[in-house]
Structure formats: C-alpha cells, structure tokens
file query-v2.pdb (PDB, C-alpha atoms)
ATOM      1  CA  MET B   1     119.843 147.902  69.802  1.00  0.00           C
ATOM      2  CA  THR B   2     121.922 150.902  70.798  1.00  0.00           C
ATOM      3  CA  THR B   3     121.701 152.424  74.277  1.00  0.00           C
ATOM      4  CA  PRO B   4     120.155 155.724  73.047  1.00  0.00           C
ATOM      5  CA  ARG B   5     117.426 153.788  71.244  1.00  0.00           C
ATOM      6  CA  LEU B   6     116.707 151.770  74.384  1.00  0.00           C
ATOM      7  CA  LEU B   7     116.403 155.010  76.317  1.00  0.00           C
ATOM      8  CA  ALA B   8     114.053 156.426  73.671  1.00  0.00           C
ATOM      9  CA  ALA B   9     111.919 153.273  73.957  1.00  0.00           C
ATOM     10  CA  VAL B  10     111.645 153.817  77.712  1.00  0.00           C
ATOM     11  CA  TYR B  11     110.589 157.424  77.182  1.00  0.00           C
ATOM     12  CA  LEU B  12     107.888 156.421  74.678  1.00  0.00           C
ATOM     13  CA  THR B  13     106.471 153.585  76.785  1.00  0.00           C
ATOM     14  CA  MET B  14     106.367 155.736  79.924  1.00  0.00           C
ATOM     15  CA  LEU B  15     104.185 158.362  78.226  1.00  0.00           C
ATOM     16  CA  ALA B  16     100.969 156.394  78.854  1.00  0.00           C
ATOM     17  CA  PRO B  17     101.338 156.053  82.669  1.00  0.00           C
ATOM     18  CA  ALA B  18     102.652 159.614  82.832  1.00  0.00           C
ATOM     19  CA  ILE B  19      99.539 160.956  81.103  1.00  0.00           C
ATOM     20  CA  GLY B  20      97.255 158.721  83.178  1.00  0.00           C
ATOM     21  CA  GLY B  21      93.629 157.838  82.530  1.00  0.00           C
ATOM     22  CA  ASP B  22      92.248 154.868  80.650  1.00  0.00           C
ATOM     23  CA  VAL B  23      94.585 153.643  77.916  1.00  0.00           C
ATOM     24  CA  PRO B  24      94.235 150.786  75.386  1.00  0.00           C
ATOM     25  CA  ARG B  25      95.449 147.358  76.428  1.00  0.00           C
ATOM     26  CA  ALA B  26      98.086 147.361  73.693  1.00  0.00           C
ATOM     27  CA  VAL B  27      99.653 150.455  75.255  1.00  0.00           C
ATOM     28  CA  ARG B  28      99.782 148.696  78.629  1.00  0.00           C
ATOM     29  CA  PHE B  29     101.668 145.797  77.072  1.00  0.00           C
ATOM     30  CA  ALA B  30     104.059 148.325  75.564  1.00  0.00           C
ATOM     31  CA  CYS B  31     104.840 149.464  79.102  1.00  0.00           C
ATOM     32  CA  LEU B  32     106.151 145.945  79.806  1.00  0.00           C
ATOM     33  CA  ALA B  33     108.559 146.408  76.924  1.00  0.00           C
ATOM     34  CA  GLY B  34     109.723 149.615  78.579  1.00  0.00           C
ATOM     35  CA  VAL B  35     110.339 147.731  81.838  1.00  0.00           C
ATOM     36  CA  PHE B  36     112.389 145.148  79.929  1.00  0.00           C
ATOM     37  CA  ALA B  37     114.371 147.991  78.293  1.00  0.00           C
ATOM     38  CA  ILE B  38     115.194 149.312  81.772  1.00  0.00           C
ATOM     39  CA  GLY B  39     116.462 145.836  82.706  1.00  0.00           C
ATOM     40  CA  GLU B  40     118.692 145.815  79.633  1.00  0.00           C
ATOM     41  CA  LEU B  41     120.037 149.223  80.658  1.00  0.00           C
ATOM     42  CA  TRP B  42     120.840 147.750  84.092  1.00  0.00           C
ATOM     43  CA  LEU B  43     122.949 145.084  82.359  1.00  0.00           C
ATOM     44  CA  ARG B  44     124.779 147.594  80.197  1.00  0.00           C
ATOM     45  CA  ALA B  45     125.436 149.898  83.130  1.00  0.00           C
ATOM     46  CA  LEU B  46     126.654 147.230  85.595  1.00  0.00           C
ATOM     47  CA  VAL B  47     128.171 144.492  83.403  1.00  0.00           C
ATOM     48  CA  ASN B  48     128.827 145.862  79.916  1.00  0.00           C
ATOM     49  CA  GLU B  49     129.749 142.420  78.582  1.00  0.00           C
ATOM     50  CA  MET B  50     128.633 140.016  75.885  1.00  0.00           C
ATOM     51  CA  ILE B  51     126.146 137.506  77.342  1.00  0.00           C
ATOM     52  CA  ALA B  52     124.284 134.684  75.636  1.00  0.00           C
ATOM     53  CA  PRO B  53     120.821 135.775  74.422  1.00  0.00           C
ATOM     54  CA  LEU B  54     118.694 133.513  76.639  1.00  0.00           C
ATOM     55  CA  PRO B  55     120.410 134.299  79.971  1.00  0.00           C
ATOM     56  CA  ARG B  56     120.529 137.967  78.987  1.00  0.00           C
ATOM     57  CA  PHE B  57     116.788 138.026  78.345  1.00  0.00           C
ATOM     58  CA  GLY B  58     116.026 136.414  81.723  1.00  0.00           C
ATOM     59  CA  VAL B  59     118.340 138.674  83.713  1.00  0.00           C
ATOM     60  CA  ALA B  60     117.081 141.807  81.923  1.00  0.00           C
ATOM     61  CA  ALA B  61     113.461 140.838  82.626  1.00  0.00           C
ATOM     62  CA  VAL B  62     114.180 140.263  86.328  1.00  0.00           C
ATOM     63  CA  ALA B  63     116.177 143.492  86.621  1.00  0.00           C
ATOM     64  CA  GLY B  64     113.371 145.461  84.967  1.00  0.00           C
ATOM     65  CA  LEU B  65     110.700 143.977  87.245  1.00  0.00           C
ATOM     66  CA  VAL B  66     112.818 144.592  90.347  1.00  0.00           C
ATOM     67  CA  SER B  67     113.079 148.244  89.286  1.00  0.00           C
ATOM     68  CA  LEU B  68     109.353 148.737  90.007  1.00  0.00           C
ATOM     69  CA  PRO B  69     109.466 147.969  93.772  1.00  0.00           C
ATOM     70  CA  LEU B  70     112.835 149.724  93.944  1.00  0.00           C
ATOM     71  CA  VAL B  71     111.470 153.054  92.717  1.00  0.00           C
ATOM     72  CA  ALA B  72     108.273 152.567  94.749  1.00  0.00           C
ATOM     73  CA  ILE B  73     110.343 152.242  97.937  1.00  0.00           C
ATOM     74  CA  ALA B  74     112.328 155.333  96.965  1.00  0.00           C
ATOM     75  CA  LEU B  75     109.121 157.305  96.407  1.00  0.00           C
ATOM     76  CA  HIS B  76     107.762 156.135  99.756  1.00  0.00           C
ATOM     77  CA  LEU B  77     110.929 157.248 101.549  1.00  0.00           C
ATOM     78  CA  MET B  78     110.620 160.655  99.886  1.00  0.00           C
ATOM     79  CA  ARG B  79     106.932 160.823 100.943  1.00  0.00           C
ATOM     80  CA  VAL B  80     105.771 160.986  97.322  1.00  0.00           C
ATOM     81  CA  PRO B  81     102.403 159.313  96.571  1.00  0.00           C
ATOM     82  CA  ILE B  82     102.910 155.991  94.783  1.00  0.00           C
ATOM     83  CA  ALA B  83     100.802 156.515  91.650  1.00  0.00           C
ATOM     84  CA  SER B  84     101.211 156.023  87.912  1.00  0.00           C
ATOM     85  CA  ARG B  85     102.692 159.450  87.173  1.00  0.00           C
ATOM     86  CA  PRO B  86     105.339 159.478  89.966  1.00  0.00           C
ATOM     87  CA  LEU B  87     106.291 155.881  89.101  1.00  0.00           C
ATOM     88  CA  ALA B  88     106.648 156.738  85.410  1.00  0.00           C
ATOM     89  CA  ALA B  89     108.759 159.790  86.235  1.00  0.00           C
ATOM     90  CA  ALA B  90     110.983 157.811  88.629  1.00  0.00           C
ATOM     91  CA  LEU B  91     111.474 155.003  86.095  1.00  0.00           C
ATOM     92  CA  THR B  92     112.365 157.554  83.424  1.00  0.00           C
ATOM     93  CA  ILE B  93     114.968 159.157  85.699  1.00  0.00           C
ATOM     94  CA  LEU B  94     116.352 155.713  86.559  1.00  0.00           C
ATOM     95  CA  ALA B  95     116.576 154.769  82.868  1.00  0.00           C
ATOM     96  CA  THR B  96     118.330 158.037  82.028  1.00  0.00           C
ATOM     97  CA  THR B  97     120.893 157.484  84.791  1.00  0.00           C
ATOM     98  CA  LEU B  98     121.540 153.903  83.691  1.00  0.00           C
ATOM     99  CA  ALA B  99     121.917 154.970  80.058  1.00  0.00           C
ATOM    100  CA  VAL B 100     124.483 157.626  80.979  1.00  0.00           C
ATOM    101  CA  VAL B 101     126.477 155.115  83.034  1.00  0.00           C
ATOM    102  CA  ALA B 102     126.269 152.546  80.229  1.00  0.00           C
ATOM    103  CA  LEU B 103     127.529 155.048  77.654  1.00  0.00           C
ATOM    104  CA  LEU B 104     130.413 156.038  79.923  1.00  0.00           C
ATOM    105  CA  ARG B 105     131.370 152.395  80.494  1.00  0.00           C
ATOM    106  CA  ALA B 106     131.067 151.364  76.851  1.00  0.00           C
ATOM    107  CA  GLY B 107     134.265 149.715  75.625  1.00  0.00           C
ATOM    108  CA  ARG B 108     136.144 150.121  78.947  1.00  0.00           C
ATOM    109  CA  VAL B 109     135.551 146.747  80.634  1.00  0.00           C
ATOM    110  CA  PRO B 110     137.004 143.564  79.054  1.00  0.00           C
ATOM    111  CA  ALA B 111     134.657 140.638  78.502  1.00  0.00           C
ATOM    112  CA  ASP B 112     134.634 137.777  80.991  1.00  0.00           C
ATOM    113  CA  PRO B 113     133.343 134.369  79.799  1.00  0.00           C
ATOM    114  CA  ARG B 114     132.181 133.595  83.353  1.00  0.00           C
ATOM    115  CA  ALA B 115     129.815 136.586  83.415  1.00  0.00           C
ATOM    116  CA  ALA B 116     126.839 134.703  81.944  1.00  0.00           C
ATOM    117  CA  GLY B 117     127.036 131.945  84.558  1.00  0.00           C
ATOM    118  CA  THR B 118     127.410 134.498  87.326  1.00  0.00           C
ATOM    119  CA  LEU B 119     124.372 136.450  86.184  1.00  0.00           C
ATOM    120  CA  VAL B 120     122.255 133.296  85.952  1.00  0.00           C
ATOM    121  CA  THR B 121     123.357 132.344  89.459  1.00  0.00           C
ATOM    122  CA  VAL B 122     122.240 135.747  90.705  1.00  0.00           C
ATOM    123  CA  ALA B 123     119.000 135.669  88.709  1.00  0.00           C
ATOM    124  CA  ILE B 124     117.763 132.407  90.239  1.00  0.00           C
ATOM    125  CA  PRO B 125     117.627 133.646  93.860  1.00  0.00           C
ATOM    126  CA  ALA B 126     116.300 136.999  92.610  1.00  0.00           C
ATOM    127  CA  CYS B 127     113.386 135.228  90.909  1.00  0.00           C
ATOM    128  CA  LEU B 128     112.765 133.165  94.031  1.00  0.00           C
ATOM    129  CA  ALA B 129     112.790 136.296  96.200  1.00  0.00           C
ATOM    130  CA  LEU B 130     110.368 138.013  93.848  1.00  0.00           C
ATOM    131  CA  GLY B 131     108.049 134.995  93.878  1.00  0.00           C
ATOM    132  CA  VAL B 132     108.122 134.747  97.679  1.00  0.00           C
ATOM    133  CA  SER B 133     107.411 138.486  97.973  1.00  0.00           C
ATOM    134  CA  VAL B 134     104.406 138.278  95.643  1.00  0.00           C
ATOM    135  CA  ALA B 135     103.090 135.236  97.517  1.00  0.00           C
ATOM    136  CA  ALA B 136     103.543 136.952 100.889  1.00  0.00           C
ATOM    137  CA  VAL B 137     101.745 140.111  99.764  1.00  0.00           C
ATOM    138  CA  SER B 138      98.908 138.055  98.242  1.00  0.00           C
ATOM    139  CA  LEU B 139      98.581 136.002 101.438  1.00  0.00           C
ATOM    140  CA  TYR B 140      98.484 139.136 103.570  1.00  0.00           C
ATOM    141  CA  ALA B 141      95.768 140.651 101.358  1.00  0.00           C
ATOM    142  CA  TRP B 142      93.754 137.398 101.587  1.00  0.00           C
ATOM    143  CA  MET B 143      93.979 137.068 105.365  1.00  0.00           C
ATOM    144  CA  PRO B 144      91.162 138.576 107.473  1.00  0.00           C
ATOM    145  CA  HIS B 145      91.832 142.028 108.904  1.00  0.00           C
ATOM    146  CA  PRO B 146      90.129 143.895 111.729  1.00  0.00           C
ATOM    147  CA  PRO B 147      87.311 146.086 110.425  1.00  0.00           C
ATOM    148  CA  ARG B 148      88.106 149.728 109.907  1.00  0.00           C
ATOM    149  CA  GLN B 149      86.641 152.195 112.309  1.00  0.00           C
ATOM    150  CA  GLY B 150      83.270 153.380 111.042  1.00  0.00           C
ATOM    151  CA  TYR B 151      82.141 156.959 110.622  1.00  0.00           C
ATOM    152  CA  THR B 152      79.154 159.150 109.842  1.00  0.00           C
ATOM    153  CA  SER B 153      79.901 162.358 107.967  1.00  0.00           C
ATOM    154  CA  LEU B 154      77.825 165.374 107.076  1.00  0.00           C
ATOM    155  CA  ALA B 155      78.457 168.103 104.491  1.00  0.00           C
ATOM    156  CA  LEU B 156      76.569 170.784 102.641  1.00  0.00           C
ATOM    157  CA  ASN B 157      75.306 169.551  99.281  1.00  0.00           C
ATOM    158  CA  GLY B 158      73.864 170.933  96.062  1.00  0.00           C
ATOM    159  CA  TRP B 159      73.731 174.706  95.867  1.00  0.00           C
ATOM    160  CA  ALA B 160      74.845 174.973  99.502  1.00  0.00           C
ATOM    161  CA  ALA B 161      78.131 173.188  98.753  1.00  0.00           C
ATOM    162  CA  THR B 162      79.387 176.264  96.890  1.00  0.00           C
ATOM    163  CA  LEU B 163      78.675 178.755  99.655  1.00  0.00           C
ATOM    164  CA  ASP B 164      81.540 181.174 100.175  1.00  0.00           C
ATOM    165  CA  ARG B 165      79.639 183.953 101.964  1.00  0.00           C
ATOM    166  CA  PRO B 166      76.710 184.353 104.405  1.00  0.00           C
ATOM    167  CA  VAL B 167      73.255 183.431 103.088  1.00  0.00           C
ATOM    168  CA  ARG B 168      70.272 185.815 103.175  1.00  0.00           C
ATOM    169  CA  VAL B 169      67.460 183.567 104.474  1.00  0.00           C
ATOM    170  CA  PRO B 170      63.966 184.757 103.466  1.00  0.00           C
ATOM    171  CA  ALA B 171      61.183 185.076 106.010  1.00  0.00           C
ATOM    172  CA  ARG B 172      59.634 181.786 104.865  1.00  0.00           C
ATOM    173  CA  GLY B 173      62.902 179.945 105.587  1.00  0.00           C
ATOM    174  CA  VAL B 174      64.943 177.825 103.209  1.00  0.00           C
ATOM    175  CA  TYR B 175      65.602 174.161 102.544  1.00  0.00           C
ATOM    176  CA  VAL B 176      69.309 173.394 102.721  1.00  0.00           C
ATOM    177  CA  PRO B 177      70.533 170.164 101.061  1.00  0.00           C
ATOM    178  CA  ILE B 178      73.070 168.123 103.013  1.00  0.00           C
ATOM    179  CA  ARG B 179      75.045 165.017 102.079  1.00  0.00           C
ATOM    180  CA  LEU B 180      74.831 162.326 104.749  1.00  0.00           C
ATOM    181  CA  SER B 181      77.313 159.437 104.528  1.00  0.00           C
ATOM    182  CA  SER B 182      77.737 156.397 106.746  1.00  0.00           C
ATOM    183  CA  ALA B 183      80.343 153.631 106.516  1.00  0.00           C
ATOM    184  CA  GLY B 184      81.239 150.832 108.887  1.00  0.00           C
ATOM    185  CA  GLU B 185      78.416 151.712 111.283  1.00  0.00           C
ATOM    186  CA  PRO B 186      75.099 149.894 111.818  1.00  0.00           C
ATOM    187  CA  ALA B 187      71.879 151.568 110.749  1.00  0.00           C
ATOM    188  CA  GLU B 188      70.402 153.809 113.426  1.00  0.00           C
ATOM    189  CA  THR B 189      67.999 156.650 114.077  1.00  0.00           C
ATOM    190  CA  ALA B 190      69.850 159.825 115.055  1.00  0.00           C
ATOM    191  CA  ALA B 191      68.751 163.286 116.103  1.00  0.00           C
ATOM    192  CA  LEU B 192      68.807 165.910 113.358  1.00  0.00           C
ATOM    193  CA  ARG B 193      69.089 169.412 114.807  1.00  0.00           C
ATOM    194  CA  VAL B 194      69.285 172.889 113.338  1.00  0.00           C
ATOM    195  CA  ARG B 195      70.788 175.566 115.574  1.00  0.00           C
ATOM    196  CA  VAL B 196      70.870 179.282 114.865  1.00  0.00           C
ATOM    197  CA  GLY B 197      73.431 180.713 117.237  1.00  0.00           C
ATOM    198  CA  ASP B 198      72.767 179.062 120.613  1.00  0.00           C
ATOM    199  CA  ARG B 199      69.108 178.322 119.882  1.00  0.00           C
ATOM    200  CA  THR B 200      67.744 175.060 118.487  1.00  0.00           C
ATOM    201  CA  VAL B 201      65.145 175.981 115.859  1.00  0.00           C
ATOM    202  CA  ASN B 202      64.436 172.594 114.299  1.00  0.00           C
ATOM    203  CA  ALA B 203      64.793 169.043 115.597  1.00  0.00           C
ATOM    204  CA  ARG B 204      63.591 165.670 114.421  1.00  0.00           C
ATOM    205  CA  ARG B 205      64.643 162.028 114.167  1.00  0.00           C
ATOM    206  CA  LEU B 206      66.390 160.875 111.016  1.00  0.00           C
ATOM    207  CA  ARG B 207      67.141 157.334 109.870  1.00  0.00           C
ATOM    208  CA  VAL B 208      70.835 156.846 109.030  1.00  0.00           C
ATOM    209  CA  GLU B 209      71.266 153.776 106.858  1.00  0.00           C
ATOM    210  CA  ALA B 210      74.439 151.678 106.975  1.00  0.00           C
ATOM    211  CA  ASP B 211      77.084 152.158 104.269  1.00  0.00           C
ATOM    212  CA  THR B 212      75.122 154.675 102.221  1.00  0.00           C
ATOM    213  CA  THR B 213      75.436 158.240 100.977  1.00  0.00           C
ATOM    214  CA  ARG B 214      72.300 160.278 100.340  1.00  0.00           C
ATOM    215  CA  SER B 215      71.072 163.850 100.080  1.00  0.00           C
ATOM    216  CA  VAL B 216      68.609 165.230 102.633  1.00  0.00           C
ATOM    217  CA  ASP B 217      66.798 168.585 102.513  1.00  0.00           C
ATOM    218  CA  VAL B 218      66.762 170.272 105.917  1.00  0.00           C
ATOM    219  CA  PHE B 219      64.437 173.169 106.663  1.00  0.00           C
ATOM    220  CA  VAL B 220      66.210 176.186 108.157  1.00  0.00           C
ATOM    221  CA  PRO B 221      63.907 178.971 109.455  1.00  0.00           C
ATOM    222  CA  ALA B 222      64.927 182.577 109.047  1.00  0.00           C
ATOM    223  CA  PRO B 223      67.234 184.026 111.720  1.00  0.00           C
ATOM    224  CA  PRO B 224      65.517 186.594 113.980  1.00  0.00           C
ATOM    225  CA  ASP B 225      67.291 189.594 112.413  1.00  0.00           C
ATOM    226  CA  GLY B 226      69.683 190.656 109.705  1.00  0.00           C
ATOM    227  CA  CYS B 227      72.767 190.221 111.861  1.00  0.00           C
ATOM    228  CA  LEU B 228      75.261 187.472 111.092  1.00  0.00           C
ATOM    229  CA  HIS B 229      74.296 184.150 112.718  1.00  0.00           C
ATOM    230  CA  ARG B 230      76.077 180.825 112.908  1.00  0.00           C
ATOM    231  CA  ILE B 231      73.801 178.115 111.529  1.00  0.00           C
ATOM    232  CA  GLU B 232      74.713 174.531 112.433  1.00  0.00           C
ATOM    233  CA  ILE B 233      73.067 171.374 111.087  1.00  0.00           C
ATOM    234  CA  SER B 234      73.926 168.193 112.979  1.00  0.00           C
ATOM    235  CA  VAL B 235      73.011 164.518 112.694  1.00  0.00           C
ATOM    236  CA  GLY B 236      74.148 162.750 115.820  1.00  0.00           C
ATOM    237  CA  PRO B 237      77.817 163.698 116.412  1.00  0.00           C
ATOM    238  CA  ALA B 238      78.388 164.849 112.804  1.00  0.00           C
ATOM    239  CA  SER B 239      77.723 168.465 111.908  1.00  0.00           C
ATOM    240  CA  THR B 240      78.238 171.142 109.271  1.00  0.00           C
ATOM    241  CA  VAL B 241      78.141 174.931 109.629  1.00  0.00           C
ATOM    242  CA  PHE B 242      77.417 177.970 107.505  1.00  0.00           C
ATOM    243  CA  TYR B 243      76.451 181.577 108.235  1.00  0.00           C
ATOM    244  CA  GLY B 244      73.253 183.453 107.421  1.00  0.00           C
ATOM    245  CA  ARG B 245      71.202 186.598 107.946  1.00  0.00           C
ATOM    246  CA  GLY B 246      67.496 187.055 108.424  1.00  0.00           C
ATOM    247  CA  PRO B 247      65.244 189.380 106.399  1.00  0.00           C
ATOM    248  CA  ALA B 248      64.894 191.954 109.213  1.00  0.00           C
ATOM    249  CA  ARG B 249      67.432 194.665 109.880  1.00  0.00           C
ATOM    250  CA  CYS B 250      70.212 194.049 112.364  1.00  0.00           C
TER     251      CYS B 250
END

call {"tool": "encode", "arguments": {"input": "query-v2.pdb", "output": "structure tokens"}}
result
Amino acid sequence: MTTPRLLAAVYLTMLAPAIGGDVPRAVRFACLAGVFAIGELWLRALVNEMIAPLPRFGVAAVAGLVSLPLVAIALHLMRVPIASRPLAAALTILATTLAVVALLRAGRVPADPRAAGTLVTVAIPACLALGVSVAAVSLYAWMPHPPRQGYTSLALNGWAATLDRPVRVPARGVYVPIRLSSAGEPAETAALRVRVGDRTVNARRLRVEADTTRSVDVFVPAPPDGCLHRIEISVGPASTVFYGRGPARC
C-alpha cells in the first residue's frame, strides 16, 4: 500500500474518536487498523527498507501501540486533557508528519539485509517494556488506596438553578429547591438554616445520607421589605446564596 493511502486510512479511522460518542464495535476495531497504519508509517519514515512480512507486521504493531502513550505524554506536557478527541487529533498530526518524512526519504536510503534482524532485536525489548508497563499500571490500580476526602455540597436546584437576577418573594413565602449531595462522609443529621441578611428566619434538622444526591424543598419566608436582601441556605458547612426582595416597598 502506498504512503498516501496509509495516511488516508489513518484519517478515516480517526474520525470515530474525533467525533466522540457511542460508536459501533466494528468502528472501534477499525481504529486498531489505524494504529497499525501509524506503525507502518513509523517504519517508512525511520527505516525505508524492505523487511520480511512477519517481522514487519510485528514491528509496525508495536510502533503503532507505542504511539498511543507517546502522544498521551505529549498532551499531558502541553496541559491538554487526555480524551478521545485530543488523542485522535494528535495521532493524525503524528501520522501526517511521518508520512511527509517517509515520502521525502523514499528511494534515498539503500537497503540493508541486516535491518530485519535489527528491528526484531529492538521489538523484543519494546514488547517486554510494554508488557511490564501494562502490568505495573494494572497492579497499581488493583492495590488499595487511601480513601478520597469526603464532601457535602449544596446547590440551587429546579427552577432556582436558572436564577440570574433577584427573586420577588411573595408575602406567603416560597419553597426553594436545593440539590444536596454527599460523598465519602458518614450519614449524619445537620442543621439546615435559612438566613435573610444577618437574620436567621428558618432552622431545622435535616438528615444527610451517605453517598447520595437528592432534592430538598426549603421554605424561604418573604424578606421584610422590597429592598435587595442576601438569602443564604446552608446545611452544615455547605451553603448556597441568591438574592431576593419582599413584597413591601423598600
């Protein structure tokens, strides 16, 4: 297969991870073919020699697989999130660079009969290094780790989550939905408080379950006048704030 066709194969197989989302399994297997095509481009860019089919297949497969952690490290150093789209873009850029180098080197380097043996010699420790790396990462993931620090968070929910201006609270008051989340903390009973300005207008005990997220309606009485008031809802140390006015004139 010619180098331009290999490059086109990489472009086509990288479309699925670039688009993202759920893709058919057959498309995922096609991505492996794209990785192998990148490995073949590595061979053409660095060696540019005739190699026996079996050693060439093995070296191209290893070179393509090594390209994945290589571009991931490069993305990490550039502070780019390691996700499907950045990886696909980086692999496409790598393939394009390798194809250009391979085209420039085509026909310039004489063949060396010792190249196949040299590549196999390099491929063996590369495969061993890859296997040890995978085993080390798997072992680290399997080992016990200290628990993450727990938290309890509070946020406006439902209609209140879209507030972008002060609320006009009617004289009868209003029920404000909040989203209460807890993770990594034991279940407890915490104090729920509603403060309008510096004054606590509502207080009660609320059960906070462990590792759950739920919506709670909190009653907020009307502020004393139509002036702007800071309204804070808190559950233990967590709190959320919005602003409101009462029905009376300021």

call {"tool": "closest_residue", "arguments": {"input": "query-v2.pdb", "among": "B:Ala33, B:Val194, B:Leu43, B:Leu65", "to": "Ile178 of chain B", "atoms": "only C-alpha atoms"}}
result
B:Val194

call {"tool": "resolve_selection", "arguments": {"input": "query-v2.pdb", "expression": "the PyMOL selection byres ((chain B and resi 226-237) around 8)", "output": "list of chain:residue names"}}
result
B:Leu154, B:Pro166, B:Ala190, B:Ala191, B:Leu192, B:Arg193, B:Val194, B:Arg195, B:Val196, B:Gly197, B:Leu206, B:Pro223, B:Pro224, B:Asp225, B:Ala238, B:Ser239, B:Thr240, B:Val241, B:Phe242, B:Tyr243, B:Gly244, B:Arg245, B:Gly246, B:Pro247, B:Ala248, B:Arg249, B:Cys250

call {"tool": "write_last_selection", "arguments": {"input": "query-v2.pdb", "atoms": "C-alpha atoms", "output": "mmCIF file, in the coordinates of the input"}}
result
data_model
loop_
_atom_site.group_PDB
_atom_site.id
_atom_site.type_symbol
_atom_site.label_atom_id
_atom_site.label_comp_id
_atom_site.auth_asym_id
_atom_site.auth_seq_id
_atom_site.Cartn_x
_atom_site.Cartn_y
_atom_site.Cartn_z
ATOM 1 C CA LEU B 154 77.825 165.374 107.076
ATOM 2 C CA PRO B 166 76.710 184.353 104.405
ATOM 3 C CA ALA B 190 69.850 159.825 115.055
ATOM 4 C CA ALA B 191 68.751 163.286 116.103
ATOM 5 C CA LEU B 192 68.807 165.910 113.358
ATOM 6 C CA ARG B 193 69.089 169.412 114.807
ATOM 7 C CA VAL B 194 69.285 172.889 113.338
ATOM 8 C CA ARG B 195 70.788 175.566 115.574
ATOM 9 C CA VAL B 196 70.870 179.282 114.865
ATOM 10 C CA GLY B 197 73.431 180.713 117.237
ATOM 11 C CA LEU B 206 66.390 160.875 111.016
ATOM 12 C CA PRO B 223 67.234 184.026 111.720
ATOM 13 C CA PRO B 224 65.517 186.594 113.980
ATOM 14 C CA ASP B 225 67.291 189.594 112.413
ATOM 15 C CA ALA B 238 78.388 164.849 112.804
ATOM 16 C CA SER B 239 77.723 168.465 111.908
ATOM 17 C CA THR B 240 78.238 171.142 109.271
ATOM 18 C CA VAL B 241 78.141 174.931 109.629
ATOM 19 C CA PHE B 242 77.417 177.970 107.505
ATOM 20 C CA TYR B 243 76.451 181.577 108.235
ATOM 21 C CA GLY B 244 73.253 183.453 107.421
ATOM 22 C CA ARG B 245 71.202 186.598 107.946
ATOM 23 C CA GLY B 246 67.496 187.055 108.424
ATOM 24 C CA PRO B 247 65.244 189.380 106.399
ATOM 25 C CA ALA B 248 64.894 191.954 109.213
ATOM 26 C CA ARG B 249 67.432 194.665 109.880
ATOM 27 C CA CYS B 250 70.212 194.049 112.364
#

call {"tool": "atom_distance", "arguments": {"input": "query-v2.pdb", "atom1": "atom CA of Leu6 of chain B", "atom2": "atom CA of Leu77 of chain B"}}
result
28.3 Å

call {"tool": "atom_distance", "arguments": {"input": "query-v2.pdb", "atom1": "atom CA of His76 of chain B", "atom2": "atom CA of Arg44 of chain B"}}
result
27.3 Å

call {"tool": "residues_around", "arguments": {"input": "query-v2.pdb", "residues": "Leu87 of chain B", "least_positions_apart": "2", "cutoff": "10 Å", "atoms": "only C-alpha atoms", "output": "list in words"}}
result
Met14, Pro17, Ala18, Leu68, Pro69, Val71, Ala72, Ala74, Leu75, Val80, Pro81, Ile82, Ala83, Ser84, Arg85, Ala89, Ala90, Leu91, Thr92 and Ile93 of chain B

call {"tool": "resolve_selection", "arguments": {"input": "query-v2.pdb", "expression": "the PyMOL selection byres ((chain B and resi 9) around 12)", "output": "PyMOL selection string"}}
result
chain B and resi 1-8+10-15+30-38+40-41+92+95-96+99

call {"tool": "atom_distance", "arguments": {"input": "query-v2.pdb", "atom1": "atom CA of Asp217 of chain B", "atom2": "atom CA of Ala160 of chain B"}}
result
10.7 Å

call {"tool": "resolve_selection", "arguments": {"input": "query-v2.pdb", "expression": "the PyMOL selection byres ((chain B and resi 219) around 7)", "output": "list of chain:residue names"}}
result
B:Val174, B:Tyr175, B:Val176, B:Asp217, B:Val218, B:Val220, B:Pro221

call {"tool": "axis_aligned_box", "arguments": {"input": "query-v2.pdb", "around": "segment 179-183 of chain B", "padding_each_side": "4 Å", "output": "lines of an AutoDock Vina configuration file"}}
result
center_x = 77.6
center_y = 159.3
center_z = 104.4
size_x = 13.5
size_y = 19.4
size_z = 12.7

call {"tool": "closest_residue", "arguments": {"input": "query-v2.pdb", "among": "B:Leu54, B:Leu156, B:Leu46, B:Met143", "to": "Ala106 of chain B", "atoms": "only C-alpha atoms"}}
result
B:Leu46

call {"tool": "closest_residue", "arguments": {"input": "query-v2.pdb", "among": "B:Leu94, B:Val167, B:Ala155, B:Trp42", "to": "Ala60 of chain B", "atoms": "all atoms listed in the file"}}
result
B:Trp42

call {"tool": "closest_residue", "arguments": {"input": "query-v2.pdb", "among": "B:Ser67, B:Thr97, B:Ser153, B:Ser215", "to": "Gly184 of chain B", "atoms": "only C-alpha atoms"}}
result
B:Ser153

call {"tool": "closest_residue", "arguments": {"input": "query-v2.pdb", "among": "B:Thr152, B:Val216, B:Pro144, B:Ala88", "to": "Ser182 of chain B", "atoms": "all atoms listed in the file"}}
result
B:Thr152

call {"tool": "closest_residue", "arguments": {"input": "query-v2.pdb", "among": "B:Ala45, B:Pro177, B:Trp142, B:Val62", "to": "Leu163 of chain B", "atoms": "only C-alpha atoms"}}
result
B:Pro177

call {"tool": "build_atoms", "arguments": {"input": "query-v2.pdb", "residues": "segment 72-78 of chain B", "atoms": "N, CA, C and O atoms", "output": "PDB file, keeping the file's coordinate frame"}}
result
ATOM      1  N   ALA B  72     109.403 152.351  93.837  1.00  0.00           N
ATOM      2  CA  ALA B  72     108.273 152.567  94.749  1.00  0.00           C
ATOM      3  C   ALA B  72     108.761 152.810  96.169  1.00  0.00           C
ATOM      4  O   ALA B  72     108.255 153.685  96.880  1.00  0.00           O
ATOM      5  N   ILE B  73     109.776 152.039  96.608  1.00  0.00           N
ATOM      6  CA  ILE B  73     110.343 152.242  97.937  1.00  0.00           C
ATOM      7  C   ILE B  73     110.996 153.618  98.029  1.00  0.00           C
ATOM      8  O   ILE B  73     110.862 154.329  99.036  1.00  0.00           O
ATOM      9  N   ALA B  74     111.697 154.010  96.959  1.00  0.00           N
ATOM     10  CA  ALA B  74     112.328 155.333  96.965  1.00  0.00           C
ATOM     11  C   ALA B  74     111.289 156.440  97.061  1.00  0.00           C
ATOM     12  O   ALA B  74     111.461 157.415  97.804  1.00  0.00           O
ATOM     13  N   LEU B  75     110.187 156.301  96.335  1.00  0.00           N
ATOM     14  CA  LEU B  75     109.121 157.305  96.407  1.00  0.00           C
ATOM     15  C   LEU B  75     108.508 157.357  97.807  1.00  0.00           C
ATOM     16  O   LEU B  75     108.204 158.425  98.330  1.00  0.00           O
ATOM     17  N   HIS B  76     108.335 156.176  98.398  1.00  0.00           N
ATOM     18  CA  HIS B  76     107.762 156.135  99.756  1.00  0.00           C
ATOM     19  C   HIS B  76     108.687 156.832 100.754  1.00  0.00           C
ATOM     20  O   HIS B  76     108.212 157.571 101.625  1.00  0.00           O
ATOM     21  N   LEU B  77     109.986 156.603 100.634  1.00  0.00           N
ATOM     22  CA  LEU B  77     110.929 157.248 101.549  1.00  0.00           C
ATOM     23  C   LEU B  77     110.945 158.761 101.368  1.00  0.00           C
ATOM     24  O   LEU B  77     111.187 159.508 102.320  1.00  0.00           O
ATOM     25  N   MET B  78     110.675 159.214 100.153  1.00  0.00           N
ATOM     26  CA  MET B  78     110.620 160.655  99.886  1.00  0.00           C
ATOM     27  C   MET B  78     109.228 161.238 100.127  1.00  0.00           C
ATOM     28  O   MET B  78     108.986 162.395  99.817  1.00  0.00           O
TER      29      MET B  78
END
